[in-house]
There are 2 protein chains.
Amino acid sequence: MKEKLERLTKLLNEIHDISAANAVLEWDQQVNMPRGAAENRGEQMATLSKIVHLKSTSDEMGKLLDELTEEAKGLDPNSDEARLIKVSKRHYDKNTKVSGEWVAAFSKETAVAQSIWEEARANDDFELFRPHLEKLVDLRKEYAEFFKPYDHVYDPLLDDFEPGMKTAEVKEIFTPLKKEQVELIQEIAQRPQVDNSFLFLEYDEKGQIEFGKKVISDFGYDWNHGRQDKSVHPFTTSFGLNDVRITTKVVPDFLNPCLFGTFHECGHALYEQGVDKKYNRTPLADGASMAIHESQSRMWENLVSRSKAFWKRYYKDLQEIFPSQLGNVDLETFYKGVNKVEPSLIRIEADEATYNLHIMLRLEMEIGLMDGSIAAKDAAKVWKEKFNAYLGIVPPNDREGVLQDVHWSSGLFGYFSTYALGNLVSSQVWEKMEEDIPDIESQIEKGDFSKLLGWHREHVHRYGAKYEPQELVQMITGEKINAAAFMRYLKKKFGAIYGIA
Amino acid sequence: MKEKLERLTKLLNEIHDISAANAVLEWDQQVNMPRGAAENRGEQMATLSKIVHLKSTSDEMGKLLDELTEEAKGLDPNSDEARLIKVSKRHYDKNTKVSGEWVAAFSKETAVAQSIWEEARANDDFELFRPHLEKLVDLRKEYAEFFKPYDHVYDPLLDDFEPGMKTAEVKEIFTPLKKEQVELIQEIAQRPQVDNSFLFLEYDEKGQIEFGKKVISDFGYDWNHGRQDKSVHPFTTSFGLNDVRITTKVVPDFLNPCLFGTFHECGHALYEQGVDKKYNRTPLADGASMAIHESQSRMWENLVSRSKAFWKRYYKDLQEIFPSQLGNVDLETFYKGVNKVEPSLIRIEADEATYNLHIMLRLEMEIGLMDGSIAAKDAAKVWKEKFNAYLGIVPPNDREGVLQDVHWSSGLFGYFSTYALGNLVSSQVWEKMEEDIPDIESQIEKGDFSKLLGWHREHVHRYGAKYEPQELVQMITGEKINAAAFMRYLKKKFGAIYGIA
């Protein structure tokens, strides 16, 4: 077994190296690449992807994993070895169950659909995109068939992002949450609105970036194993556990995107920088799932950086950088401003209290599209109805409605719920952490994040992708993923801000 | 044959893509990578290199090239197809003739030798490096044996950088040149020295980079297919013909490195940006040789940017950026200053008139080390003797003598001569261009480089690696590489500057 494990590790290391190289190419494409290089870069990335695919689905890999899976029955199922074999086998099965014909058809369709979607969105023309949405839903139904038997046709899609998670589980989580969130934002809507106009003044780029860097250095971002650059869409990427990079975007007349975006991406990066180095160059050198990843980014973005304690420490620093914009705005006003709740059309601009509703709408639509209860041709209409029901606004057009996100046009179904699940997990884990670190608030007020980070390193980060998301949350909190802690958090925080009893 | 050529092209495209990816990784390593990522990056690059090697030496590739080489006998030997097959076969033979044992031993020894060399140089301790130099010379002798029969044991080394070139040829070129160059610098030494002290004032980074960018934009550097960054050692790299990047280094109190370094690297980049796009993703998407590449970089650095005509156009721009440093330095003084000739210890700081002597010394030593007429243990002593004979200085130590260059410690033998050959070729080609564009000087005075670049595109760049260096120079000038044009250039230019009849 030892020899086979060594051989497996060697193969996995190679695959990881090539994937990391491809990630460097993609990072470079977003951050540095001259425009005229796009076509060649696409070819290079396709060549590397093909090699990764061939190596990941090789007969040798299949045989090795079959034998090791059998032999691993004698191991502690929670040992690193057993888990490495399990996770690798899972990837292998995912990669080999889907036919080459389907992959080719899917690649072809998404390439077309994305450019059509761009045009459709620009022209507010759902009908242009409709046939492609229909086609993509059909393709995703075909995809699910490769993973029969399943409890629900949506399960295989969800499982791509949340290993082991079932549609029934997310329904059970979201159904009561939706009701409570809708009630909360209705209550908030009846209270006097807070002011956040000062966030929309001119803020120079240098100051925004400087402040962000200072804060994430305090968080514990390791610049010896990472760096920050600018890109059109902020993202985090890693080329192994020793090179975890983040990007940010600066909007000259809106303070939030650079600041909270930087904290968000830093949260992703701290997770990957904190994975146990013994997993490096293997499939365990990753987050447990998209939701767990998002729980980390959301934690730093919201639970930490949108808290009163945080701004008690950092607001004076920000005022010093932007005296003319913020000199006359007091801490309380600023704190309320960055936490303003207001139903709005666009998901990525939504606040903490309304965000999940944007997700639930999409989740219900995806499940409906997959199980046939919603026809792709009706997607724009259904979107408007649901949007009005949950957020109290009827989108005036499809551009700011069903056409706003890139996900579906690129074939991504099953992804959205991870954003909302991440919010829930962040609060669940936070409550647990507060039991161990009761004075966490006063530590944040001092700008001391060492215990906070240390706790998450210990309980979340170091395990990497060893455990499935539900397992991990259960290990940490004693419960499965659920919305109770998150609703307690929302009610307490926004009750105080909006004066709700 | 058509099918086989298509298959060959497909294989070559893949190999090119992976090599390009590796070049991105290396560029990132020099320009962006956080320090803590070095080990993982090394592993990633090793993995990609291994895949390139396996694909480049595969049985399929060998069989295909054997068959195509046979079938290509029916083709015009100067057709793109025949040349692609020839160049690919050449690479294949180079890659497969050398044993795996030798490659492993060489990698191991150079890894050690480089760090020992760093220490030896820092401590001025040739004896520390000596056993590694001996070992590396032995390894290079073994290397040459793989390419028997040869005319001279140094031929296979030279051939790695100058395809088809023989030791006898470079000896024939350099022997008379050495004599003439030594005489010229002796004459210059008897004339009053020019002043260049103004080059060593404080010049802020932004201004240096701004000026460099403005000039290379005028040269024709295509920013849509390239970019410039800072790095410790300036270099040019390409990831295919549509992404050719340069780097520069800024020294705050010396104007030359950033300025002339930028023009030099731009010359390399203009060559690659000018290769016919039909060769992209094949081995023809490259320069003809190191010397031809260097002829292009040296041409822009020296023949163009160290000319009076150039500074007639650009000096006022530079003065505007640096008024306090250059406001009182007139054009003539500045022109002479950037062309100051003075024998000095360090090759990379040498001026146009002395540079080749640094090279010839190294070339003679390499040939001597390989043919046994110089023992590696005597290298430091021989260096000093030769240095004194050619440049009239005895190096006071080995740090600034035999230990100054990284090349030997990394196993590079056969490379140095390409620097000097490049100088010669640049002048040969320039004389030919002047026949076609007699008013080139007045065009440069206007900052109009379009005809100059266009001529080089037409006669040099577009061919890429299709022709061997001697073939190409013969095609362009009707002669093989020789020193006559270069000596005419040196005598005319420095005769005027130093008032030599």
# chains A, B, ... in the order shown; residues from 1 in each chain; ligands from 1

call {"tool": "residues_around", "arguments": {"residues": "range 122-128 of chain B", "least_positions_apart": "3", "cutoff": "9 Å", "atoms": "only C-alpha atoms", "output": "PyMOL selection string"}}
result
chain B and resi 116-119+131-132+377+379-380+397-400+402-403

call {"tool": "interface_residues", "arguments": {"of": "chain A", "to": "chain B", "cutoff": "6 Å", "atoms": "only C-alpha atoms", "output": "list in words"}}
result
Asp17, Pro34, Arg35, Gly36, Ala37, Gln44, Asn224, His225, Gly226, Asn242 and Asp243 of chain A

call {"tool": "write_last_selection", "arguments": {"atoms": "N, CA, C and O atoms", "output": "PDB file, in the first residue's frame"}}
result
ATOM      1  N   ASP A  17       0.641  20.486  -9.995  1.00  0.00           N
ATOM      2  CA  ASP A  17       1.591  21.443 -10.576  1.00  0.00           C
ATOM      3  C   ASP A  17       1.065  22.033 -11.889  1.00  0.00           C
ATOM      4  O   ASP A  17       1.171  23.233 -12.120  1.00  0.00           O
ATOM      5  N   PRO A  34      -1.384  41.580 -22.013  1.00  0.00           N
ATOM      6  CA  PRO A  34      -1.811  42.526 -23.044  1.00  0.00           C
ATOM      7  C   PRO A  34      -2.977  41.921 -23.842  1.00  0.00           C
ATOM      8  O   PRO A  34      -3.020  40.706 -24.050  1.00  0.00           O
ATOM      9  N   ARG A  35      -3.881  42.784 -24.269  1.00  0.00           N
ATOM     10  CA  ARG A  35      -5.101  42.287 -24.888  1.00  0.00           C
ATOM     11  C   ARG A  35      -4.870  41.388 -26.106  1.00  0.00           C
ATOM     12  O   ARG A  35      -5.563  40.404 -26.319  1.00  0.00           O
ATOM     13  N   GLY A  36      -3.855  41.764 -26.886  1.00  0.00           N
ATOM     14  CA  GLY A  36      -3.618  41.029 -28.132  1.00  0.00           C
ATOM     15  C   GLY A  36      -3.174  39.592 -27.942  1.00  0.00           C
ATOM     16  O   GLY A  36      -3.041  38.850 -28.914  1.00  0.00           O
ATOM     17  N   ALA A  37      -2.937  39.197 -26.695  1.00  0.00           N
ATOM     18  CA  ALA A  37      -2.440  37.839 -26.433  1.00  0.00           C
ATOM     19  C   ALA A  37      -3.557  36.860 -26.112  1.00  0.00           C
ATOM     20  O   ALA A  37      -3.303  35.682 -25.861  1.00  0.00           O
ATOM     21  N   GLN A  44      -2.992  28.075 -24.878  1.00  0.00           N
ATOM     22  CA  GLN A  44      -2.083  27.530 -23.858  1.00  0.00           C
ATOM     23  C   GLN A  44      -2.862  26.901 -22.708  1.00  0.00           C
ATOM     24  O   GLN A  44      -2.532  25.807 -22.236  1.00  0.00           O
ATOM     25  N   ASN A 224       4.493  37.229   2.328  1.00  0.00           N
ATOM     26  CA  ASN A 224       5.606  36.404   1.850  1.00  0.00           C
ATOM     27  C   ASN A 224       5.097  35.225   1.017  1.00  0.00           C
ATOM     28  O   ASN A 224       5.847  34.568   0.319  1.00  0.00           O
ATOM     29  N   HIS A 225       3.796  34.968   1.133  1.00  0.00           N
ATOM     30  CA  HIS A 225       3.180  33.898   0.353  1.00  0.00           C
ATOM     31  C   HIS A 225       1.943  34.406  -0.381  1.00  0.00           C
ATOM     32  O   HIS A 225       0.946  33.684  -0.516  1.00  0.00           O
ATOM     33  N   GLY A 226       1.994  35.651  -0.819  1.00  0.00           N
ATOM     34  CA  GLY A 226       0.859  36.195  -1.543  1.00  0.00           C
ATOM     35  C   GLY A 226       1.137  37.599  -2.014  1.00  0.00           C
ATOM     36  O   GLY A 226       2.196  38.171  -1.695  1.00  0.00           O
ATOM     37  N   ASN A 242       1.640  27.980  -0.947  1.00  0.00           N
ATOM     38  CA  ASN A 242       2.643  28.998  -0.628  1.00  0.00           C
ATOM     39  C   ASN A 242       2.559  30.230  -1.504  1.00  0.00           C
ATOM     40  O   ASN A 242       3.454  31.081  -1.480  1.00  0.00           O
ATOM     41  N   ASP A 243       1.527  30.300  -2.338  1.00  0.00           N
ATOM     42  CA  ASP A 243       1.380  31.461  -3.212  1.00  0.00           C
ATOM     43  C   ASP A 243      -0.110  31.690  -3.428  1.00  0.00           C
ATOM     44  O   ASP A 243      -0.697  31.184  -4.379  1.00  0.00           O
TER      45      ASP A 243
END

call {"tool": "select_by_dssp", "arguments": {"residues": "range 217-247 of chain A", "states": "helix (DSSP H, G or I)", "output": "list in words"}}
result
Ser217, Asp218, Phe219, Trp223, Asn224 and His225 of chain A

call {"tool": "select_by_dssp", "arguments": {"residues": "range 215-448 of chain B", "states": "strand (DSSP E or B)", "output": "PDB file with C-alpha atoms, in the first residue's frame"}}
result
ATOM      1  CA  GLN B 228       7.184  46.304 -19.440  1.00  0.00           C
ATOM      2  CA  ASP B 229       7.872  45.555 -15.786  1.00  0.00           C
ATOM      3  CA  LYS B 230      10.742  45.899 -13.381  1.00  0.00           C
ATOM      4  CA  THR B 236      12.872  39.776 -22.725  1.00  0.00           C
ATOM      5  CA  THR B 237      10.529  36.812 -22.848  1.00  0.00           C
ATOM      6  CA  SER B 238       7.768  35.701 -25.142  1.00  0.00           C
ATOM      7  CA  VAL B 244       6.475  39.564 -25.967  1.00  0.00           C
ATOM      8  CA  ARG B 245       7.372  41.207 -22.663  1.00  0.00           C
ATOM      9  CA  ILE B 246      10.366  43.160 -21.522  1.00  0.00           C
ATOM     10  CA  THR B 247      11.657  44.129 -18.108  1.00  0.00           C
ATOM     11  CA  THR B 248      13.926  46.896 -16.972  1.00  0.00           C
TER      12      THR B 248
END

call {"tool": "atom_distance", "arguments": {"atom1": "CA of Phe494 in chain B", "atom2": "CA of Lys340 in chain B"}}
result
9.0 Å

call {"tool": "residues_around", "arguments": {"residues": "Phe387 in chain B", "least_positions_apart": "2", "cutoff": "10 Å", "atoms": "only C-alpha atoms", "output": "PDB file with C-alpha atoms, in the first residue's frame"}}
result
ATOM      1  CA  SER B 344      36.938  48.459 -17.049  1.00  0.00           C
ATOM      2  CA  LEU B 345      36.735  45.212 -15.163  1.00  0.00           C
ATOM      3  CA  LEU B 357      37.437  42.251 -25.784  1.00  0.00           C
ATOM      4  CA  HIS B 358      35.671  40.974 -22.674  1.00  0.00           C
ATOM      5  CA  MET B 360      37.063  37.338 -26.751  1.00  0.00           C
ATOM      6  CA  LEU B 361      38.847  36.673 -23.500  1.00  0.00           C
ATOM      7  CA  ARG B 362      35.994  34.382 -22.424  1.00  0.00           C
ATOM      8  CA  LYS B 381      45.523  33.119 -13.464  1.00  0.00           C
ATOM      9  CA  VAL B 382      44.941  32.907 -17.207  1.00  0.00           C
ATOM     10  CA  TRP B 383      42.054  35.354 -16.866  1.00  0.00           C
ATOM     11  CA  LYS B 384      44.303  37.982 -15.314  1.00  0.00           C
ATOM     12  CA  GLU B 385      47.021  37.550 -17.918  1.00  0.00           C
ATOM     13  CA  ALA B 389      46.981  41.849 -22.508  1.00  0.00           C
ATOM     14  CA  TYR B 390      43.670  43.005 -24.044  1.00  0.00           C
ATOM     15  CA  LEU B 391      42.438  45.729 -21.744  1.00  0.00           C
ATOM     16  CA  GLY B 392      45.582  46.903 -20.052  1.00  0.00           C
ATOM     17  CA  ILE B 393      44.350  46.234 -16.529  1.00  0.00           C
ATOM     18  CA  VAL B 394      45.205  43.451 -14.131  1.00  0.00           C
ATOM     19  CA  PRO B 395      42.038  42.603 -12.206  1.00  0.00           C
ATOM     20  CA  GLY B 401      37.722  38.710 -12.663  1.00  0.00           C
ATOM     21  CA  VAL B 402      37.010  35.098 -13.460  1.00  0.00           C
TER      22      VAL B 402
END

call {"tool": "residues_around", "arguments": {"residues": "Ile321 in chain B", "least_positions_apart": "3", "cutoff": "12 Å", "atoms": "only C-alpha atoms", "output": "list of chain:residue names"}}
result
B:Tyr203, B:Asp204, B:Glu205, B:Lys206, B:Gly207, B:Gln208, B:Ile209, B:Glu210, B:Phe211, B:Gly212, B:Lys214, B:Tyr314, B:Tyr315, B:Lys316, B:Asp317, B:Leu318, B:Ser324, B:Gln325, B:Leu326, B:Gly327

call {"tool": "write_last_selection", "arguments": {"atoms": "N, CA, C and O atoms", "output": "short mmCIF file (atom, residue, chain, number, x, y, z; two decimals), in the first residue's frame"}}
result
data_model
loop_
_atom_site.label_atom_id
_atom_site.label_comp_id
_atom_site.auth_asym_id
_atom_site.auth_seq_id
_atom_site.Cartn_x
_atom_site.Cartn_y
_atom_site.Cartn_z
N TYR B 203 18.47 60.43 -10.49
CA TYR B 203 17.43 60.48 -11.51
C TYR B 203 16.23 59.69 -11.00
O TYR B 203 16.35 58.48 -10.76
N ASP B 204 15.09 60.34 -10.86
CA ASP B 204 13.99 59.59 -10.24
C ASP B 204 13.43 58.53 -11.18
O ASP B 204 13.42 58.68 -12.41
N GLU B 205 12.97 57.47 -10.56
CA GLU B 205 12.53 56.28 -11.30
C GLU B 205 11.44 56.58 -12.32
O GLU B 205 11.49 56.12 -13.46
N LYS B 206 10.45 57.35 -11.88
CA LYS B 206 9.30 57.62 -12.74
C LYS B 206 9.75 58.26 -14.06
O LYS B 206 9.31 57.87 -15.15
N GLY B 207 10.65 59.24 -13.94
CA GLY B 207 11.13 59.93 -15.14
C GLY B 207 11.92 59.02 -16.05
O GLY B 207 11.77 59.06 -17.28
N GLN B 208 12.75 58.18 -15.48
CA GLN B 208 13.55 57.25 -16.28
C GLN B 208 12.64 56.31 -17.07
O GLN B 208 12.83 56.08 -18.27
N ILE B 209 11.64 55.77 -16.35
CA ILE B 209 10.76 54.81 -17.02
C ILE B 209 9.89 55.49 -18.08
O ILE B 209 9.70 54.97 -19.18
N GLU B 210 9.41 56.67 -17.73
CA GLU B 210 8.57 57.42 -18.66
C GLU B 210 9.31 57.70 -19.97
O GLU B 210 8.80 57.47 -21.07
N PHE B 211 10.56 58.16 -19.85
CA PHE B 211 11.34 58.46 -21.05
C PHE B 211 11.58 57.19 -21.88
O PHE B 211 11.40 57.17 -23.09
N GLY B 212 11.95 56.10 -21.20
CA GLY B 212 12.18 54.84 -21.90
C GLY B 212 10.95 54.38 -22.66
O GLY B 212 11.02 53.97 -23.82
N LYS B 214 8.41 56.17 -23.71
CA LYS B 214 8.12 57.07 -24.83
C LYS B 214 8.98 56.68 -26.04
O LYS B 214 8.48 56.56 -27.17
N TYR B 314 15.97 63.46 -29.20
CA TYR B 314 15.41 63.11 -27.89
C TYR B 314 16.05 63.81 -26.70
O TYR B 314 15.52 63.76 -25.60
N TYR B 315 17.19 64.48 -26.93
CA TYR B 315 17.85 65.04 -25.76
C TYR B 315 17.00 66.10 -25.07
O TYR B 315 16.93 66.16 -23.84
N LYS B 316 16.32 66.90 -25.88
CA LYS B 316 15.49 67.95 -25.26
C LYS B 316 14.37 67.34 -24.41
O LYS B 316 14.00 67.87 -23.38
N ASP B 317 13.84 66.22 -24.86
CA ASP B 317 12.80 65.54 -24.06
C ASP B 317 13.37 65.08 -22.72
O ASP B 317 12.72 65.19 -21.67
N LEU B 318 14.56 64.52 -22.76
CA LEU B 318 15.19 64.04 -21.54
C LEU B 318 15.53 65.21 -20.61
O LEU B 318 15.33 65.13 -19.39
N SER B 324 17.12 69.76 -13.71
CA SER B 324 18.18 70.15 -12.78
C SER B 324 19.46 69.36 -13.04
O SER B 324 20.56 69.83 -12.81
N GLN B 325 19.31 68.12 -13.54
CA GLN B 325 20.49 67.30 -13.79
C GLN B 325 21.13 67.61 -15.14
O GLN B 325 22.36 67.53 -15.28
N LEU B 326 20.30 67.92 -16.15
CA LEU B 326 20.83 68.00 -17.52
C LEU B 326 20.66 69.38 -18.16
O LEU B 326 21.12 69.60 -19.29
N GLY B 327 20.01 70.28 -17.44
CA GLY B 327 19.73 71.60 -18.03
C GLY B 327 20.99 72.31 -18.51
O GLY B 327 20.96 73.01 -19.53
#

call {"tool": "closest_residue", "arguments": {"among": "A:Gln296, A:Asn256, A:Gln193, A:Ser289", "to": "Ala269 in chain A", "atoms": "only C-alpha atoms"}}
result
A:Gln296

call {"tool": "residues_around", "arguments": {"residues": "Lys108 in chain A", "least_positions_apart": "6", "cutoff": "12 Å", "atoms": "only C-alpha atoms", "output": "ChimeraX atom specification"}}
result
/A:101-102,114-115,132,135-136,139,409-411

call {"tool": "residues_around", "arguments": {"residues": "range 143-147 of chain B", "least_positions_apart": "5", "cutoff": "7 Å", "atoms": "only C-alpha atoms", "output": "list of chain:residue names"}}
result
B:Lys97, B:Val98, B:Val153, B:Pro156, B:Leu157

call {"tool": "residues_around", "arguments": {"residues": "Ile497 in chain B", "least_positions_apart": "3", "cutoff": "9 Å", "atoms": "only C-alpha atoms", "output": "list of chain:residue names"}}
result
B:Val194, B:Tyr335, B:Lys336, B:Asn339, B:Lys340, B:Lys492, B:Lys493, B:Phe494, B:Ile500

call {"tool": "closest_residue", "arguments": {"among": "A:Lys312, A:Lys491, A:His456, A:Arg191", "to": "Glu441 in chain A", "atoms": "only C-alpha atoms"}}
result
A:Lys312

call {"tool": "atom_distance", "arguments": {"atom1": "CA of Ala483 in chain A", "atom2": "CA of Ile173 in chain A"}}
result
6.4 Å

call {"tool": "closest_residue", "arguments": {"among": "B:Gly267, B:Thr96, B:Met290, B:Ala353", "to": "Gly495 in chain B", "atoms": "only C-alpha atoms"}}
result
B:Ala353

call {"tool": "atom_distance", "arguments": {"atom1": "CA of Leu158 in chain A", "atom2": "CA of Tyr415 in chain A"}}
result
6.9 Å
